[in-house]
Each structure stands twice: as structure tokens, then as C-alpha cells.
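Worksheet: the structure to be examined is printed underneath.
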Amino acid sequence: MSGGIGERLEGKRICIVAGSGGVGKTTASAALALGLAAAGQRVAVVTIDPARRLADALGLEELGNEPRMVDPAALTAHGIEMRGELWAMMLDPKATFDGLIAKLAPDARTRDDVLGNRIYAQLSSAIAGSQEFSAVAKLYELDRDGAYDAIVLDTPPSRNALDFLDAPDRLTDFFEGRALKLFLVPPGIAARVMGAGTGVVFGILKKLTGVNLLDDVSVLFRAMGGLIDGFRERAAAVKALLTDPATTFLIVASPEREPVAEAIFFRQKLREARMPFGGLIVNRVALLGDDEHADPVAIRAALRTELGDALAAKVAEGAEDLQRLAARNAAAIERLKTALDEPDPIIVPRLDGEVQDIDGLLVLYRYLAGETPG
Amino acid sequence: MSDLLERRLLVVTGKGGAGKTTVAAALGLVAARAGKRTIVAEVARRGDVTSVFDRADSQPFEEVPLAPNLFHISIDPQDALEEYLRDQLPSGAVAQVLIRSRIFAMVAAATPGMRELLTVGKLWELAQLDRRTPGADAYDLVVVDAPATGHGVAVLSAPRTFAAAAGGGPVARQGKIIDAMLSDPEQIAVLAVAKAEELAVTETGVLRASLRERMGLPLERVVANMLDPDRFSPREATRLQSHAAHPAVARALRGHRRALRQRAQLARLRKLTGQAPAHLPLHPGGPDLERLADELAGQL
């Protein structure tokens, strides 16, 4: 196998790991970061929602929203020669968004008006892509700190890859929208500027949703007016980071229908947005191994005398299932290769047991690096 | 099974990658075969269910026939909003003003639980015997291909959240009506799909707790999906051990250990949810919907 992950990431400072839910993005991100750190880099991995045991293994039990160094002793205990440093954090999207508001607010009062607003919390999670935006905003902060040689970002489990790539644009658009400006002037003037339609809109909204909510919305948007310039600037910087030559996207898929469709879709969107694609990882692949011993009929015949026919038949039945599964997985990989224009994806076989500790991450990293673990 | 199919709404949720969409489609097929006029409603933007049935993506908000007695719809909050406004407002012109209004779109996005409320409002509408959609026929059953675990409960509790947050007005009033249906175990059942893996099992336990806490609903049924067959008895496994040098036997033993790990997770699942989950096997050649429906029908 050529082109292990290290080679693909050469010269890259930021690696964004994308793919649909349940394909192993979080473990792949953690394994990748661990491998890069072992090789001598100072690496931060930002995960969104790691499994409990993996979080424990990385010492992520505390939600600090800042990276913490994984105890090197905990890693060397697993036989890892740590030449660099591994830092890990669990992203708290709300705290990140709040932090951004606090940073951009011109004064304490504006900050408190926004953060204390009854519907702010709702808004910050209701706008499509705000969680994704938080993730990239955090990435931007970490990158600007300059404390890390490499940052690996595990992306939020979006239903739609667009939420991720479009997030900066969409939020800027939202903040800059005419609608928002309307809230920044007294309603009377707004109504005159916009014509009678606005009055109708306000009137019906009041009737439908209740007055209180509308007041809250109005107060919030007026307070947010002071943040627009800072926000626009930040969103532009975040967007620039996504297209930076030192940034790359890795797509993770498992050889199933939905993840394959999602991977193809995401690759397409990357192309359209002119964002860099660093490679494809196909995870949890059923592999046949040695073809010579894969034929069910031959297996049954070969094992009949030693195991008896009934047991030999069962072994053959299992081999037949595996053959079918492996053929289906291989077809999915072929489809991915063509659609993603990626002739040599990194293939990770189905492992024995779930990856949820340091040892599991090590095994996974060896596959990512193109080694075949013994 | 008969009991489940008598409800109005079956909500299928689960962790990403568990095969939720496939199970929802199979469940729809079971109901349709039993003579129920059934619609599988996908709560998302993309036509996942239709691609399970090998159909080209349908237009959002269109009720598309898939098989005898079986239909599909993809619910988009924006479409739901437009339909709602047309239904609620006395004049189409006024509805148009609102639909085109950016300020309205923004307030709708900013209003607590509004997107979820609109989605769930459409589910409610589909489940009514007397449909509000002009000229639409009633369904016996609505199977919901719901968002992944955490968000699934948020969608169900949206009407209640909204009714509590809004000061008053028709939306809050309607929220209460919808909530009455969504929290009535005679009309709704929630099912979770899970692989027999540690994380998925843990999440199913969390789902059960939050469903009870936020909706007062039981987790009606758990479907353990993509199970490897448990081929060998302990005695057979021991026998295989002594021939482990043969590559085919070694592979069989690995498969056996995989199956054993899954059985251990199934036991955890049973303990965490207080019920024996339905079992669906992994189809090595790819999920076969007709077969899944057969397998499911006997167990629910």
C-alpha cells in the first residue's frame, strides 16, 4: 500500500476530518493525532462528542473548551515512543459561540444583552451551520495561537456537508441581512422604509407567535448590531482558513450506502468550493484476505474429515457470507475511487472490537499510516 | 406487532449509521403488507428513504407512492412553514407576503423550537384521519424516519417547548394539540435502532431515559440491527480452536468472537432498556428490504 496518511498530510497544518455519522470520524481523528504526535509534532485534536471511554482514555473528562495535554506517561505505558505532544479537547459549541460574542461585543452591556437574551441560546443553535461555525471558529483561534504544529478537527455529525462548508457565508449573510438591519432602526421608521408589507409581517407575527417572543427577537438583534463588523471580519478569516493551502480535508466513509453517498456528495462540494481534498479513508471494510482459502466449496471439502461435515458446512457458510460482504464492500470502494477520483484510498479493515482506548487508536493509526499491524 | 401497527405514528430513531432509514422503510413495508395505508416520512433534507427503494429523489413535500399501500414524503421545515401559513391565513396574498419576507424567515429560525415544531406539525397533519391538506387521503399509519438519537427527542418535544415559551397565540395553542398526540402512548410509539456495539447500546439507554423524562413516553421497541449470525455452539467453537491453523477456521473463529461480543452487548441492551430487542441480521449482500420486513414482522 502506498501513500500512508503521513505522506498525504505533509506540509499541512490543519486537517479536517469529515464524513457521515457512525463511520468512525472521531476515532480516526484521535488516531491520526496520536500518530502525528508520536512522530514528533505538537498536535491538538478537537473532537465534538467522543465516546465515554475514548474521552477517558484521552483524559477528556473535563469540558474545558481548551486543549489539554494528554499525559505522556499514559501513552508510553502503551509502548508508544512519544517524540511530540498530544493535546486534546472536547468542543463545546455553545461556549465557543458565547466566547466569540463576548470577544466581539464593543462593551460589557452589549455582551450581557446578547448572552442574557431569552432566545439567544435558541438562535445560536437554530441557524443552520452555527455548530459547524463554532467548530471552525475554534480551529481558527487555535491556529492563530500558533502553539501547535498540526490541528486535527473532528467535524460535527451534520446531516449535510454543506452546513459545514457554508457556515461562514451563511452566518455572515444572516448577520448582514436586510432583515437584521431592520431591527437596528426603530420599528416606526422601518415600517415607513419598507412599506406597508413590514407592518403586515409584524402584525401577523404578533398574532401567530405571541408578543413576548417578538420583543425578545427585537432586543437581541438590536444588541447584535454592534457586533456585525467584528463578526464579518471573523467569518471572512475563518473562511480563508478553510481554503488555506496548509488546510486539508480527509473524508471518512464506511462501505455502506449512506456513508458512500455522503462522501461523494462532500467531495463534490469541496471541489465546487475549491477547498483542498487530502484523501479518503474507508473504514470497517470486510476483507477476504487469502483468496486460496476463501472458496466455500473448497473449504467444506478440505475440513470435512477433521471437523465432520456439519461443522465444516457451517464454516463454509460463514465463508460464503464473508465472500458476499467483501464483494459488496469492494464494489463500494470502487464506486468511491471513481467518484472521488482517488485511486488509492486508505483501507481500514473491520477490527476485532471497537476502538475506544489507546491500544485501539494505535492499531488504527498503523492502518492509516499504511502499515499492516502484526 | 398488531398492537404497534394500531398506532397513528411510529417514530424510528437511533445513532447515525445504525440503519434507521432501512428499518423505517422495512417497518413501513410490514404495515403496508398488513393492509395499512402507510407513509414513511423522512425528517431531513435528502431523499434517503427513496434511495433505499431505488427511486430517484422525490420532490420535497410530495407524497410519493413506493409500493402498494406504501408512500413516502420528505419533510422540509420551509415547506412546512409555507403550507402552514397558507392553511392558517385568510388570504393567499398575505401568506405570500410572509413567505417572501426575510424577516419572517429569520424570526422563524430564531424562535425556540420553530423548525422542529413545523416538522412535527406536518407529521401530525399526516396522521390525521381528516387531513388539512386539500384533497389528501388519510393514512392508517405514519412511520417517521427521525433524526439521530439526541435530536429525535428534541423534535418530539418541540410543541411542548414552544407552547411553554410562547406567550400565547394560535401557534402555542396548536402546539398543545400536537403535543397531546405526541405524548399519548395509544397514538405514538418510539422505536430505537441500534447496532450491538458499546456506544450504540449506551446511547439507546440514554434515549430511553430522556424520552421518559421529556415526553413521558416509553421506548416501545428496540431493534438490534446488522447482527452477525451466531453459528457455533460452545462445543463447536472448542472443536474449531484445535484447527485454528487453517485460515478458514481462523476466520470462522474471528466471526464467532465478533458474534459473542455482540451477544454481550445485546445482554447490556436488554438490561438497559428492560426489554428483549428485536434481532435483524446483517445481510451480507446488502440490506434486502423484503427480507427485512419478513424478519421484522415476526418479532414486533
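Residue names in the C-alpha cells use chain letters A, B, ... in the order shown, residue numbers from 1 in each chain, and ligand numbers from 1 in the order shown.
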
Would you list the contacts of Ala194 (chain B) as a PyMOL selection string, taking every protein, DNA or RNA residue within 9 Å and counting only C-alpha atoms, but skipping same-chain residues closer than 6 positions in sequence?
chain B and resi 13-15+17-20+200-201+203-204+222-226

- Message: Need to verify the contact set: Glu85 (chain A), 8 Å, only C-alpha atoms, exclusion of same-chain residues closer than 5 positions in sequence. Can you return it as JSON, numbers by chain?
- Response: {"A": [37, 38, 40, 41, 42, 43, 69, 70, 72]}

C-alpha atoms of the current selection, written as an mmCIF file, in the first residue's frame:
data_model
loop_
_atom_site.group_PDB
_atom_site.id
_atom_site.type_symbol
_atom_site.label_atom_id
_atom_site.label_comp_id
_atom_site.auth_asym_id
_atom_site.auth_seq_id
_atom_site.Cartn_x
_atom_site.Cartn_y
_atom_site.Cartn_z
ATOM 1 C CA ALA A 37 2.301 13.377 17.927
ATOM 2 C CA ALA A 38 4.267 10.175 18.367
ATOM 3 C CA GLY A 40 7.367 14.346 16.853
ATOM 4 C CA GLN A 41 4.739 17.000 16.231
ATOM 5 C CA ARG A 42 2.864 19.095 18.727
ATOM 6 C CA VAL A 43 -0.696 18.135 17.793
ATOM 7 C CA MET A 69 -2.084 17.783 27.082
ATOM 8 C CA VAL A 70 -2.625 14.037 27.197
ATOM 9 C CA PRO A 72 2.727 11.295 28.040
#

**Message:** So that I can check the surroundings of region 323-330 of chain A, please list as a VMD selection string every protein, DNA and RNA residue that reaches within 12 Å of it, counting only C-alpha atoms and ignoring chain neighbours fewer than 4 positions away.
**Reply:** (chain A and resid 253 to 257 260 282 to 291 293 to 296 316 to 319 334 to 337 345 347 to 350) or (chain B and resid 226 228 248 251 282 to 287)

Write out as a ChimeraX atom specification which residues come within 8 Å of Ala223 (chain A) when counting only C-alpha atoms, dropping same-chain ones fewer than 3 positions away.
/A:110,113-114,219-220,226-227

Those same residues - N, CA and C atoms - I'd like them written as a PDB file, in the first residue's frame.
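Saved to result-v2.pdb:
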ATOM      1  N   THR A 110     -23.501  45.363  25.920  1.00  0.00           N
ATOM      2  CA  THR A 110     -23.941  44.658  24.715  1.00  0.00           C
ATOM      3  C   THR A 110     -23.759  43.154  24.903  1.00  0.00           C
ATOM      4  N   ASP A 113     -26.409  41.866  27.161  1.00  0.00           N
ATOM      5  CA  ASP A 113     -27.714  41.898  26.496  1.00  0.00           C
ATOM      6  C   ASP A 113     -27.877  40.688  25.581  1.00  0.00           C
ATOM      7  N   VAL A 114     -26.818  40.370  24.863  1.00  0.00           N
ATOM      8  CA  VAL A 114     -26.907  39.244  23.926  1.00  0.00           C
ATOM      9  C   VAL A 114     -26.931  37.922  24.685  1.00  0.00           C
ATOM     10  N   VAL A 219     -34.992  42.914  20.687  1.00  0.00           N
ATOM     11  CA  VAL A 219     -33.936  43.339  21.614  1.00  0.00           C
ATOM     12  C   VAL A 219     -32.607  42.674  21.235  1.00  0.00           C
ATOM     13  N   LEU A 220     -32.691  41.386  20.949  1.00  0.00           N
ATOM     14  CA  LEU A 220     -31.480  40.633  20.630  1.00  0.00           C
ATOM     15  C   LEU A 220     -30.793  41.206  19.394  1.00  0.00           C
ATOM     16  N   GLY A 226     -24.165  45.832  17.103  1.00  0.00           N
ATOM     17  CA  GLY A 226     -22.828  46.305  17.424  1.00  0.00           C
ATOM     18  C   GLY A 226     -21.740  45.297  17.095  1.00  0.00           C
ATOM     19  N   LEU A 227     -22.146  44.075  16.844  1.00  0.00           N
ATOM     20  CA  LEU A 227     -21.171  43.011  16.620  1.00  0.00           C
ATOM     21  C   LEU A 227     -20.915  42.745  15.143  1.00  0.00           C
TER      22      LEU A 227
END

Item to complete: For Ala189 (chain B), work out the shell of residues within 9 Å, counting only C-alpha atoms and skipping chain neighbours fewer than 6 positions away, then give it as a PyMOL selection string.
Response: chain B and resi 4+7-12+182+217-221

Written file, previous selection with N, CA and C atoms, as a compact mmCIF listing (two decimals), in the first residue's frame:
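The result, stored in out.txt:
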# COMPACT_ATOMS: atom_id res chain seq x y z
N LEU B 4 -48.54 -2.49 17.76
CA LEU B 4 -47.75 -1.36 17.23
C LEU B 4 -48.40 -0.76 15.99
N ARG B 7 -51.13 2.04 16.15
CA ARG B 7 -50.87 3.45 16.49
C ARG B 7 -51.01 4.30 15.23
N ARG B 8 -50.96 5.60 15.44
CA ARG B 8 -51.00 6.53 14.31
C ARG B 8 -49.59 6.85 13.83
N LEU B 9 -48.65 6.94 14.78
CA LEU B 9 -47.28 7.36 14.46
C LEU B 9 -46.27 6.37 15.03
N LEU B 10 -45.36 5.89 14.19
CA LEU B 10 -44.22 5.10 14.67
C LEU B 10 -42.96 5.91 14.38
N VAL B 11 -42.26 6.27 15.44
CA VAL B 11 -41.07 7.11 15.28
C VAL B 11 -39.82 6.24 15.40
N VAL B 12 -39.01 6.20 14.34
CA VAL B 12 -37.82 5.35 14.34
C VAL B 12 -36.59 6.25 14.49
N LEU B 182 -48.57 13.58 20.53
CA LEU B 182 -47.21 13.04 20.60
C LEU B 182 -46.88 12.42 21.94
N LEU B 217 -42.92 9.23 27.65
CA LEU B 217 -43.19 8.10 26.77
C LEU B 217 -42.21 6.95 27.03
N PRO B 218 -42.69 5.71 26.87
CA PRO B 218 -41.75 4.59 26.96
C PRO B 218 -40.99 4.44 25.64
N LEU B 219 -39.82 3.82 25.70
CA LEU B 219 -39.15 3.39 24.47
C LEU B 219 -39.80 2.06 24.13
N GLU B 220 -40.69 2.11 23.14
CA GLU B 220 -41.60 0.99 22.92
C GLU B 220 -40.88 -0.28 22.46
N ARG B 221 -39.93 -0.08 21.54
CA ARG B 221 -39.30 -1.25 20.96
C ARG B 221 -37.87 -0.90 20.58

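By only C-alpha atoms, and with residues fewer than 4 positions from Tyr140 (chain A) along its chain excluded, the set lying at most 10 Å from it is Ile14, Ser134, Ala135, Val136, Arg144, Asp145, Arg234, Ala235, Ala237, Val238, Lys239, Ala240, Leu241 and Leu242 of chain A.
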